[in-house]
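Asks: Here you go, input14.cif (mmCIF, C-alpha atoms and all ligand atoms):
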```cif
data_my_file
loop_
_atom_site.label_atom_id
_atom_site.label_comp_id
_atom_site.auth_asym_id
_atom_site.auth_seq_id
_atom_site.Cartn_x
_atom_site.Cartn_y
_atom_site.Cartn_z
CA MET A 13 34.97 17.23 24.71
CA LEU A 14 32.73 18.30 27.59
CA LEU A 15 31.91 21.96 27.64
CA ALA A 16 32.87 23.51 30.99
CA MET A 17 29.71 24.71 32.80
CA ALA A 18 30.00 26.23 36.20
CA GLY A 19 27.96 24.39 38.81
CA ILE A 20 27.68 20.97 37.16
CA ASP A 21 29.95 18.11 38.16
CA LEU A 22 31.09 17.17 34.66
CA SER A 23 32.19 13.71 35.70
CA LEU A 24 28.47 12.87 36.13
CA LEU A 25 27.99 13.48 32.38
CA ALA A 26 30.86 11.29 31.26
CA GLY A 27 28.59 8.26 30.71
CA TYR A 28 26.41 10.18 28.22
CA GLN A 29 29.51 11.48 26.46
CA ALA A 30 30.96 7.97 26.12
CA GLU A 31 27.72 6.57 24.67
CA LEU A 32 27.45 9.42 22.18
CA ALA A 33 31.03 8.74 21.08
CA GLU A 34 30.14 5.07 20.63
CA LYS A 35 27.11 5.97 18.51
CA ALA A 36 29.29 8.24 16.39
CA GLN A 37 31.75 5.43 15.85
CA MET A 38 28.95 3.09 14.73
CA GLY A 39 27.60 5.72 12.31
CA GLN A 40 24.42 6.09 14.40
CA LEU A 41 24.80 9.59 15.77
CA ARG A 42 21.79 11.79 15.04
CA ARG A 43 22.17 15.54 14.61
CA CYS A 44 19.64 18.27 13.90
CA ARG A 45 20.71 19.99 10.71
CA GLU A 46 19.76 23.55 9.87
CA LEU A 47 17.20 23.70 7.07
CA VAL A 48 16.08 26.99 5.54
CA TRP A 49 13.26 27.19 2.99
CA THR A 50 14.25 29.29 -0.03
CA PRO A 51 11.02 29.70 -2.04
CA GLU A 52 12.70 32.34 -4.20
CA ALA A 53 14.84 29.49 -5.62
CA GLY A 54 11.78 27.48 -6.79
CA PRO A 55 9.26 24.95 -5.46
CA MET A 56 10.48 22.83 -2.53
CA ALA A 57 13.86 24.62 -2.60
CA VAL A 58 15.79 24.64 0.69
CA ARG A 59 19.29 25.07 2.05
CA VAL A 60 20.44 22.20 4.25
CA SER A 61 23.43 23.21 6.39
CA GLY A 62 24.03 25.92 3.81
CA ARG A 63 23.80 23.59 0.78
CA PRO A 64 21.05 24.28 -1.79
CA ALA A 65 18.73 21.35 -2.51
CA ILE A 66 15.23 20.29 -3.46
CA ASN A 67 13.49 18.97 -0.38
CA PHE A 68 12.32 15.35 -0.69
CA SER A 69 12.32 14.86 3.08
CA SER A 70 9.34 16.80 4.34
CA ASN A 71 5.88 15.50 5.13
CA ASP A 72 4.42 18.58 3.46
CA TYR A 73 2.53 16.27 1.08
CA LEU A 74 0.16 18.92 -0.23
CA GLY A 75 2.69 21.75 -0.12
CA TRP A 76 0.61 23.72 2.38
CA ALA A 77 3.18 24.52 5.07
CA ARG A 78 3.37 28.06 3.70
CA HIS A 79 -0.04 28.29 2.02
CA PRO A 80 -1.48 31.83 2.32
CA ARG A 81 -4.91 30.54 3.47
CA LEU A 82 -3.30 28.77 6.43
CA GLN A 83 -1.12 31.77 7.21
CA ILE A 84 -4.15 34.06 7.21
CA GLY A 85 -6.04 31.56 9.41
CA ALA A 86 -3.18 31.64 11.91
CA ILE A 87 -2.77 35.44 11.82
CA GLN A 88 -6.49 36.14 12.27
CA ALA A 89 -6.63 33.72 15.19
CA VAL A 90 -3.68 35.48 16.85
CA GLU A 91 -5.26 38.88 16.27
CA GLN A 92 -8.52 37.79 17.87
CA TYR A 93 -7.34 35.38 20.56
CA GLY A 94 -3.68 36.23 21.24
CA THR A 95 -0.64 33.97 21.20
CA GLY A 96 -1.15 31.74 24.22
CA SER A 97 -3.98 29.51 25.34
CA THR A 98 -2.88 30.10 28.96
CA ALA A 99 -3.88 26.79 30.58
CA SER A 100 -5.04 23.23 30.10
CA ARG A 101 -8.63 23.12 28.88
CA LEU A 102 -10.14 21.59 31.99
CA ILE A 103 -8.62 24.39 34.11
CA GLY A 104 -8.60 27.39 31.80
CA GLY A 105 -11.68 26.74 29.67
CA THR A 106 -11.92 25.97 25.96
CA SER A 107 -11.69 28.57 23.21
CA PRO A 108 -14.58 28.68 20.69
CA LEU A 109 -11.89 28.19 18.04
CA VAL A 110 -11.03 24.79 19.47
CA LEU A 111 -14.69 23.81 19.72
CA ALA A 112 -15.14 24.81 16.07
CA LEU A 113 -12.10 22.74 15.09
CA GLU A 114 -13.36 19.66 16.93
CA ALA A 115 -16.79 19.97 15.30
CA LYS A 116 -15.13 20.25 11.88
CA VAL A 117 -12.90 17.24 12.52
CA ALA A 118 -15.88 15.12 13.63
CA ALA A 119 -17.74 16.00 10.41
CA PHE A 120 -14.60 15.44 8.28
CA LYS A 121 -14.07 11.98 9.82
CA GLN A 122 -17.79 11.08 9.87
CA ALA A 123 -17.59 10.56 13.61
CA GLU A 124 -19.78 11.52 16.55
CA ALA A 125 -17.13 13.61 18.30
CA ALA A 126 -13.47 14.62 18.20
CA LEU A 127 -10.71 15.88 20.49
CA VAL A 128 -7.53 17.74 19.56
CA PHE A 129 -4.03 17.39 21.01
CA ASN A 130 -0.79 19.35 20.79
CA SER A 131 0.99 16.73 18.71
CA GLY A 132 0.52 13.30 17.22
CA TYR A 133 3.07 11.80 19.55
CA GLN A 134 1.29 13.21 22.57
CA ALA A 135 -2.10 12.08 21.24
CA ASN A 136 -1.09 8.47 20.69
CA VAL A 137 0.60 8.08 24.05
CA ALA A 138 -2.28 9.77 25.86
CA ILE A 139 -5.02 7.85 24.04
CA LEU A 140 -3.49 4.40 24.51
CA GLN A 141 -2.65 5.04 28.15
CA ALA A 142 -6.26 6.08 28.69
CA ILE A 143 -8.12 3.33 26.85
CA LEU A 144 -5.97 0.41 28.01
CA GLY A 145 -5.51 -0.98 31.49
CA PRO A 146 -3.32 -3.81 32.79
CA GLU A 147 -6.13 -6.35 32.27
CA ASP A 148 -6.64 -5.41 28.61
CA TYR A 149 -5.02 -6.79 25.47
CA VAL A 150 -3.59 -4.75 22.62
CA PHE A 151 -2.37 -6.04 19.25
CA ALA A 152 -0.04 -3.86 17.23
CA ASP A 153 1.54 -4.11 13.78
CA ARG A 154 5.27 -4.70 14.24
CA LEU A 155 6.11 -1.52 12.30
CA ASN A 156 3.71 0.81 14.09
CA HIS A 157 4.96 4.33 14.78
CA ALA A 158 7.03 4.83 17.95
CA SER A 159 4.26 6.90 19.57
CA LEU A 160 1.85 3.95 19.30
CA ILE A 161 4.46 1.59 20.69
CA ASP A 162 5.21 3.94 23.60
CA GLY A 163 1.50 4.32 24.34
CA CYS A 164 1.06 0.53 24.45
CA LEU A 165 4.07 0.13 26.74
CA LEU A 166 3.02 2.93 29.10
CA SER A 167 -0.50 1.52 29.37
CA LYS A 168 0.89 -1.67 30.95
CA ALA A 169 -1.69 -3.66 28.94
CA ARG A 170 -0.77 -7.14 27.73
CA TRP A 171 0.45 -6.55 24.23
CA ALA A 172 1.52 -8.55 21.25
CA ARG A 173 2.97 -7.45 17.95
CA TYR A 174 1.90 -9.17 14.75
CA ARG A 175 4.02 -9.36 11.60
CA HIS A 176 3.79 -6.28 9.41
CA LEU A 177 0.43 -6.27 7.54
CA ASP A 178 -0.02 -9.99 8.30
CA LEU A 179 -3.70 -10.30 9.24
CA GLY A 180 -3.44 -14.10 9.53
CA HIS A 181 -0.87 -13.57 12.27
CA LEU A 182 -3.16 -11.01 13.91
CA ALA A 183 -6.07 -13.47 13.83
CA GLU A 184 -3.88 -16.19 15.35
CA LYS A 185 -2.91 -13.89 18.23
CA LEU A 186 -6.49 -12.71 18.77
CA SER A 187 -7.77 -16.28 18.80
CA ARG A 188 -5.54 -17.10 21.76
CA THR A 189 -7.02 -14.29 23.89
CA PRO A 190 -9.81 -14.86 26.44
CA ALA A 191 -13.16 -14.20 24.75
CA ASN A 192 -14.42 -11.82 27.43
CA ALA A 193 -11.24 -9.72 27.71
CA ARG A 194 -11.20 -6.17 26.34
CA LYS A 195 -9.05 -6.07 23.19
CA TRP A 196 -7.80 -3.34 20.89
CA VAL A 197 -6.08 -3.63 17.53
CA VAL A 198 -3.88 -0.62 16.78
CA THR A 199 -2.30 0.21 13.44
CA ASP A 200 -0.89 3.00 11.31
CA SER A 201 -2.99 3.43 8.18
CA VAL A 202 -0.09 4.48 5.92
CA PHE A 203 3.22 3.37 7.46
CA SER A 204 5.53 6.34 7.85
CA MET A 205 8.78 4.65 6.81
CA ASP A 206 7.42 2.13 4.26
CA GLY A 207 4.55 3.96 2.61
CA ASP A 208 2.41 0.80 2.54
CA TYR A 209 -0.86 0.10 4.33
CA PRO A 210 -3.01 -2.81 5.50
CA ASP A 211 -6.23 -3.98 3.92
CA LEU A 212 -8.20 -2.03 6.50
CA GLU A 213 -11.51 -3.67 5.65
CA ALA A 214 -10.01 -7.12 6.28
CA LEU A 215 -8.32 -5.86 9.45
CA VAL A 216 -11.64 -4.60 10.78
CA GLU A 217 -13.32 -7.90 9.88
CA VAL A 218 -10.69 -9.95 11.74
CA SER A 219 -10.94 -7.64 14.75
CA GLU A 220 -14.74 -7.83 14.80
CA ARG A 221 -14.59 -11.63 14.59
CA TYR A 222 -12.73 -11.69 17.91
CA GLY A 223 -14.61 -8.80 19.54
CA ALA A 224 -11.68 -6.37 19.34
CA LEU A 225 -11.97 -2.58 18.96
CA VAL A 226 -9.81 -0.86 16.33
CA MET A 227 -7.71 2.32 16.48
CA VAL A 228 -6.13 3.64 13.26
CA ASP A 229 -3.41 6.31 13.02
CA GLU A 230 -4.07 8.33 9.86
CA ALA A 231 -1.07 10.69 10.28
CA HIS A 232 0.24 9.91 6.79
CA ALA A 233 -3.12 9.51 5.04
CA THR A 234 -5.10 12.54 6.22
CA GLY A 235 -5.57 15.05 3.42
CA PHE A 236 -4.94 12.90 0.36
CA PHE A 237 -6.56 9.46 0.76
CA GLY A 238 -10.31 8.95 0.64
CA HIS A 239 -13.17 11.15 -0.46
CA GLY A 240 -12.48 14.77 0.51
CA GLY A 241 -9.05 13.74 1.79
CA ALA A 242 -10.65 12.21 4.89
CA GLY A 243 -8.17 9.33 5.03
CA LEU A 244 -7.76 5.65 4.40
CA CYS A 245 -10.62 4.54 6.68
CA GLN A 246 -12.92 6.59 4.49
CA GLN A 247 -11.36 5.10 1.34
CA PHE A 248 -11.99 1.57 2.61
CA GLY A 249 -15.53 2.53 3.65
CA ILE A 250 -14.99 1.45 7.25
CA SER A 251 -14.98 4.78 9.12
CA ASP A 252 -18.05 3.76 11.16
CA ARG A 253 -16.44 0.47 12.22
CA VAL A 254 -13.20 2.01 13.53
CA ALA A 255 -13.60 3.04 17.16
CA LEU A 256 -10.84 5.66 17.10
CA GLN A 257 -9.43 7.43 14.05
CA MET A 258 -6.43 9.47 15.03
CA GLY A 259 -4.54 11.79 12.68
CA THR A 260 -2.33 14.86 12.58
CA PHE A 261 -2.46 18.41 11.27
CA SER A 262 1.33 18.38 11.08
CA LYS A 263 1.85 16.66 7.75
CA ALA A 264 -0.38 17.10 4.69
CA LEU A 265 -2.49 19.66 6.55
CA GLY A 266 0.53 21.95 6.80
CA GLY A 267 0.28 22.90 10.48
CA SER A 268 0.77 21.16 13.78
CA GLY A 269 -1.16 19.17 16.36
CA ALA A 270 -3.38 16.12 16.18
CA TYR A 271 -6.96 14.91 16.48
CA VAL A 272 -8.84 11.81 17.42
CA ALA A 273 -12.39 11.13 16.25
CA GLY A 274 -14.84 8.48 17.43
CA PRO A 275 -17.98 7.76 19.46
CA ARG A 276 -18.91 10.39 22.05
CA VAL A 277 -18.41 7.92 24.90
CA LEU A 278 -14.75 7.38 23.99
CA ILE A 279 -14.09 11.10 23.53
CA ASP A 280 -15.67 11.75 26.96
CA TRP A 281 -13.48 8.98 28.35
CA LEU A 282 -10.36 10.62 26.92
CA VAL A 283 -11.31 14.00 28.39
CA ASN A 284 -11.49 12.28 31.78
CA GLN A 285 -8.56 9.88 31.51
CA ALA A 286 -6.00 10.98 28.90
CA ARG A 287 -3.14 12.47 30.88
CA GLY A 288 -1.55 14.04 27.79
CA PHE A 289 -4.80 15.96 27.32
CA ILE A 290 -5.60 16.76 30.94
CA TYR A 291 -2.14 17.93 32.00
CA SER A 292 -1.07 19.92 28.95
CA THR A 293 -1.81 23.51 27.92
CA ALA A 294 -4.33 23.73 25.06
CA GLN A 295 -3.15 24.35 21.49
CA SER A 296 -2.23 27.97 20.78
CA PRO A 297 -4.72 30.04 18.72
CA ALA A 298 -2.30 30.32 15.77
CA VAL A 299 -2.08 26.55 15.48
CA VAL A 300 -5.86 26.11 15.73
CA GLY A 301 -6.49 28.90 13.19
CA ALA A 302 -4.20 27.23 10.65
CA SER A 303 -5.86 23.83 11.20
CA LEU A 304 -9.33 25.29 10.68
CA ALA A 305 -8.19 26.86 7.40
CA ALA A 306 -6.57 23.58 6.29
CA LEU A 307 -9.79 21.63 6.89
CA ASP A 308 -11.69 24.11 4.71
CA LEU A 309 -9.05 23.96 2.01
CA VAL A 310 -8.90 20.18 1.89
CA GLN A 311 -12.59 20.04 1.11
CA GLU A 312 -12.70 22.99 -1.27
CA GLU A 313 -9.61 22.29 -3.39
CA PRO A 314 -9.11 18.64 -4.43
CA VAL A 315 -6.59 19.83 -7.03
CA TRP A 316 -3.75 19.55 -4.48
CA ARG A 317 -4.25 15.87 -3.78
CA GLU A 318 -4.78 15.22 -7.49
CA ARG A 319 -1.39 16.84 -8.15
CA LEU A 320 0.19 14.75 -5.37
CA TRP A 321 -1.09 11.51 -6.93
CA HIS A 322 0.09 12.73 -10.33
CA ASN A 323 3.57 13.08 -8.78
CA VAL A 324 3.38 9.55 -7.37
CA ARG A 325 2.69 8.22 -10.88
CA THR A 326 5.48 10.43 -12.31
CA LEU A 327 7.94 8.93 -9.85
CA GLU A 328 6.76 5.43 -10.77
CA ARG A 329 7.48 6.11 -14.44
CA ALA A 330 10.92 7.56 -13.61
CA VAL A 331 11.76 4.52 -11.45
CA MET A 332 11.01 2.25 -14.43
CA ALA A 333 12.85 4.47 -16.90
CA HIS A 334 15.99 4.40 -14.74
CA GLY A 335 15.75 0.72 -13.80
CA LEU A 336 15.42 1.40 -10.07
CA GLU A 337 12.84 -1.32 -9.30
CA ALA A 338 15.37 -3.37 -7.27
CA TRP A 339 15.56 -0.55 -4.73
CA ILE A 340 12.09 0.93 -5.12
CA PRO A 341 9.48 -1.85 -5.50
CA LEU A 342 6.53 -0.89 -7.68
CA PRO A 343 3.67 -0.05 -7.72
CA LEU A 344 3.95 2.80 -5.26
CA LYS A 345 1.19 2.85 -2.67
CA SER A 346 1.60 6.39 -1.35
CA PRO A 347 3.84 9.47 -1.55
CA ILE A 348 6.20 7.85 0.98
CA VAL A 349 8.76 5.95 -1.05
CA PRO A 350 11.50 3.94 0.65
CA VAL A 351 14.71 3.28 -1.31
CA LEU A 352 15.88 0.06 0.30
CA ILE A 353 19.66 -0.07 0.73
CA GLY A 354 20.12 -2.11 3.92
CA ASP A 355 23.51 -0.97 5.14
CA SER A 356 23.48 2.15 7.37
CA ALA A 357 26.85 3.56 6.26
CA GLN A 358 25.99 3.16 2.57
CA THR A 359 22.62 4.78 3.15
CA VAL A 360 24.26 7.81 4.77
CA ALA A 361 26.82 7.99 1.95
CA VAL A 362 24.13 7.96 -0.76
CA SER A 363 22.07 10.55 1.14
CA GLU A 364 25.13 12.84 1.39
CA ALA A 365 25.98 12.36 -2.28
CA LEU A 366 22.39 13.23 -3.22
CA LEU A 367 22.66 16.40 -1.17
CA THR A 368 25.80 17.33 -3.06
CA ALA A 369 23.82 16.74 -6.26
CA GLY A 370 21.07 19.07 -4.97
CA PHE A 371 18.48 16.69 -3.47
CA PHE A 372 17.69 16.42 0.23
CA VAL A 373 16.58 12.82 0.86
CA GLN A 374 17.07 11.73 4.44
CA GLY A 375 18.64 8.37 5.26
CA ILE A 376 16.65 6.39 7.84
CA ARG A 377 18.60 3.97 9.99
CA PRO A 378 17.91 1.52 12.83
CA PRO A 379 16.46 1.86 15.43
CA THR A 380 13.90 3.97 13.53
CA VAL A 381 13.63 1.01 11.11
CA PRO A 382 14.42 -2.67 11.79
CA PRO A 383 18.08 -3.80 11.73
CA LYS A 384 19.66 -4.11 8.26
CA THR A 385 16.81 -2.22 6.58
CA ALA A 386 18.38 1.24 6.38
CA ARG A 387 16.86 3.21 3.56
CA LEU A 388 16.44 6.57 1.95
CA ARG A 389 12.96 7.94 2.47
CA ILE A 390 11.61 9.95 -0.45
CA ALA A 391 8.55 11.97 0.52
CA LEU A 392 6.70 13.46 -2.43
CA SER A 393 4.77 16.70 -2.32
CA ALA A 394 2.16 18.20 -4.62
CA ALA A 395 4.61 21.10 -4.91
CA HIS A 396 7.32 19.03 -6.65
CA THR A 397 7.62 19.46 -10.41
CA ASP A 398 7.86 16.57 -12.87
CA ALA A 399 11.39 17.74 -13.77
CA GLN A 400 12.52 17.61 -10.11
CA ILE A 401 11.24 14.05 -9.74
CA GLU A 402 12.85 12.98 -12.99
CA SER A 403 16.26 14.46 -12.08
CA LEU A 404 16.14 12.93 -8.59
CA CYS A 405 15.75 9.47 -10.17
CA ALA A 406 18.56 10.15 -12.63
CA ALA A 407 20.91 11.13 -9.79
CA LEU A 408 19.78 8.19 -7.67
CA ALA A 409 20.36 5.70 -10.49
CA GLY A 410 23.97 6.84 -10.92
CA LEU A 411 24.68 6.60 -7.19
CA LEU A 412 22.95 3.27 -6.54
CA ARG A 413 24.68 1.53 -9.43
CA ALA A 414 28.02 2.57 -7.94
CA ILE A 415 27.45 0.71 -4.64
C1 LIG B 1 2.26 7.42 12.13
C2 LIG B 1 2.62 8.61 12.96
N1 LIG B 1 1.88 8.88 14.06
C3 LIG B 1 2.17 9.93 14.84
C4 LIG B 1 3.23 10.76 14.56
C5 LIG B 1 3.53 11.90 15.47
O1 LIG B 1 2.91 13.07 15.03
P1 LIG B 1 3.49 14.49 15.43
O2 LIG B 1 4.67 14.73 14.55
O3 LIG B 1 2.38 15.45 15.20
O4 LIG B 1 3.90 14.42 16.86
C6 LIG B 1 4.01 10.51 13.43
C7 LIG B 1 5.16 11.34 13.02
O5 LIG B 1 5.54 12.33 13.28
C8 LIG B 1 3.71 9.41 12.62
O6 LIG B 1 4.46 9.13 11.56
#
```
Could you show the structure in this file as structure tokens?
Ligand SMILES: Cc1ncc(COP(=O)(O)O)c(C=O)c1O

Replies:
Amino acid sequence: MLLAMAGIDLSLLAGYQAELAEKAQMGQLRRCRELVWTPEAGPMAVRVSGRPAINFSSNDYLGWARHPRLQIGAIQAVEQYGTGSTASRLIGGTSPLVLALEAKVAAFKQAEAALVFNSGYQANVAILQAILGPEDYVFADRLNHASLIDGCLLSKARWARYRHLDLGHLAEKLSRTPANARKWVVTDSVFSMDGDYPDLEALVEVSERYGALVMVDEAHATGFFGHGGAGLCQQFGISDRVALQMGTFSKALGGSGAYVAGPRVLIDWLVNQARGFIYSTAQSPAVVGASLAALDLVQEEPVWRERLWHNVRTLERAVMAHGLEAWIPLPLKSPIVPVLIGDSAQTVAVSEALLTAGFFVQGIRPPTVPPKTARLRIALSAAHTDAQIESLCAALAGLLRAI
């Protein structure tokens, strides 16, 4: 039913209302549910629409979203610099906090320079729009994150998608491109809905063979892959061969915002051409303060990522013990663990039943994932206990056998 609002001709909204009703009928309606953290009830405890549960749906991989060091970093930044950054950086100037953060990111990623953005989505769209023109070619993994896809589309470059992780297919596409054209290969490092990743060394080799530059999105690898948590490029030993390493502060690093690191010339180019950077107010001091603290913590305290990988191995053992391999293929590659169900309605039903049993595991449906590949997405955190992981698998086994 349309809510009566004075001044709007409600008949003009009827089309939206009809499409929403259609989505609801097809089981595809998305709603934002209230989620309240309840740390007094134990690690990763939340209430989802009033129902108590253990949260297996956050990207808080290291459990830092309420870490005191990050909170203090944010509070001190607010005390010294206030709450707002007041303008875009090219108009209003750049805070020393931001300059310090960019210097730290460049060192962390072993790159010449870095630039920060308000969010990962904004960064990817802005970067790709800036580095690609209509004459350029861009090659993207078919399962790349939506922000990378949108950036490619907005750039108006000629683009092709290769089969997920299929470097032979990438090579085939690259080989059919004019030798002197500018080419970029763009990929997630860890894929956000599948938890897998490409052989980045081989991907770089293929790209180099055809004279293509590489951009890697480390959103789901920053903080717990590679030496010092620097990411998957670092783990593969190819950081210096990747032209742009993008990543976020919003997941393992417990805050918000994003960075890109690379050669000075490309960072200068982005400052001049990336509309999402030029035309957006700089990050607020609180956000920058938390990110600075997170980058210190990630280097000082490896124990968090060690605990996260311990939890990945614990889940693996529980999957085997409960005979869940048909839904959760082993070995696990990362803390993102898809439970492949296929049917959207069944996925929603299992997710709801898990919530009733006290586990919040979000169902992911098309179009976020390809048709007929609806799944539950378990996201592990260093903060989960062995017992929580074990009881999640026990509950899951009972529910999956019933469908
Ligand atoms: C691979 C990837 N890149 C970029 C983003 C966007 O980052 P942000 O949430 O900071 O906008 C996400 C998810 O949120 C992601 O999964």

Asks: Pick out the residues sitting within 8 Å of region 282-295 of chain A, and hand them over as a PyMOL selection string; count all atoms listed in the file, and ignore anything fewer than 6 positions along from it in its own chain.

Replies: chain A and resi 97-102+106+129-130+134-135+137-139+141-143+269

Asks: Go through A:Ser346, A:Leu140, A:Asp148, A:Asp206 one by one, measure the shortest atom-to-atom distance of each to Trp281 (chain A) using all atoms listed in the file, and give the residue with the smallest value.

Replies: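 Closest to Trp281 (chain A), using all atoms listed in the file: A:Leu140.
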
Asks: Would you list the contacts of Gly54 (chain A) as a list in words, taking every protein, DNA or RNA residue within 10 Å and counting all atoms listed in the file, but skipping same-chain residues closer than 6 positions in sequence?

Replies: Ile66, Ala395, His396 and Thr397 of chain A

Asks: Can you write just those residues out, C-alpha atoms, as an mmCIF file, in the coordinates of the input?

Replies:
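Resulting contents of part.cif:
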```
data_model
loop_
_atom_site.group_PDB
_atom_site.id
_atom_site.type_symbol
_atom_site.label_atom_id
_atom_site.label_comp_id
_atom_site.auth_asym_id
_atom_site.auth_seq_id
_atom_site.Cartn_x
_atom_site.Cartn_y
_atom_site.Cartn_z
ATOM 1 C CA ILE A 66 15.230 20.290 -3.460
ATOM 2 C CA ALA A 395 4.610 21.100 -4.910
ATOM 3 C CA HIS A 396 7.320 19.030 -6.650
ATOM 4 C CA THR A 397 7.620 19.460 -10.410
#
```

Asks: Quick one: residues within 10 Å of Gln358 (chain A), all atoms listed in the file counted, chain neighbours fewer than 5 positions away excluded, as a PyMOL selection string?

Replies: chain A and resi 353+363-364+375+386-387+412+415

Asks: Give me, as number ranges by chain, all polymer residues having an atom no more than 6 Å from Ala89 (chain A), counting only C-alpha atoms and skipping those fewer than 6 positions away in the same chain.

Replies: A: 297-298, 301

Asks: For ligand LIG 1 (chain B), list the contacting residues at 7 Å or closer, counting only C-alpha atoms and all ligand atoms, as an mmCIF file with C-alpha atoms, keeping the file's coordinate frame.

Replies:
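Ended up saving to selection-v7.cif:
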```cif
data_model
loop_
_atom_site.group_PDB
_atom_site.id
_atom_site.type_symbol
_atom_site.label_atom_id
_atom_site.label_comp_id
_atom_site.auth_asym_id
_atom_site.auth_seq_id
_atom_site.Cartn_x
_atom_site.Cartn_y
_atom_site.Cartn_z
ATOM 1 C CA SER A 131 0.990 16.730 18.710
ATOM 2 C CA GLY A 132 0.520 13.300 17.220
ATOM 3 C CA TYR A 133 3.070 11.800 19.550
ATOM 4 C CA GLN A 134 1.290 13.210 22.570
ATOM 5 C CA ASN A 136 -1.090 8.470 20.690
ATOM 6 C CA HIS A 157 4.960 4.330 14.780
ATOM 7 C CA SER A 159 4.260 6.900 19.570
ATOM 8 C CA ASP A 200 -0.890 3.000 11.310
ATOM 9 C CA PHE A 203 3.220 3.370 7.460
ATOM 10 C CA SER A 204 5.530 6.340 7.850
ATOM 11 C CA ASP A 229 -3.410 6.310 13.020
ATOM 12 C CA GLU A 230 -4.070 8.330 9.860
ATOM 13 C CA ALA A 231 -1.070 10.690 10.280
ATOM 14 C CA HIS A 232 0.240 9.910 6.790
ATOM 15 C CA THR A 260 -2.330 14.860 12.580
ATOM 16 C CA PHE A 261 -2.460 18.410 11.270
ATOM 17 C CA SER A 262 1.330 18.380 11.080
ATOM 18 C CA SER A 268 0.770 21.160 13.780
ATOM 19 C CA GLY A 269 -1.160 19.170 16.360
ATOM 20 C CA ALA A 270 -3.380 16.120 16.180
#
```

Asks: Please indicate the distance in Å from CA of Ile250 (chain A) to CA of Phe120 (chain A), rounded to one decimal place.

Replies: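 Separation of CA of Ile250 (chain A) and CA of Phe120 (chain A): 14.0 Å.
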
Asks: What is the CA of Arg389 (chain A)-CA of Leu352 (chain A) distance in Å, reported with one decimal?

Replies: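 About the pair CA of Arg389 (chain A) and CA of Leu352 (chain A): they are 8.7 Å apart.
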
Asks: Nearest to Val349 (chain A): which of A:Ala183, A:Val324, A:Leu366, A:Val110 is it, counting only C-alpha atoms?

Replies: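 Result for the nearest residue to Val349 (chain A): A:Val324.
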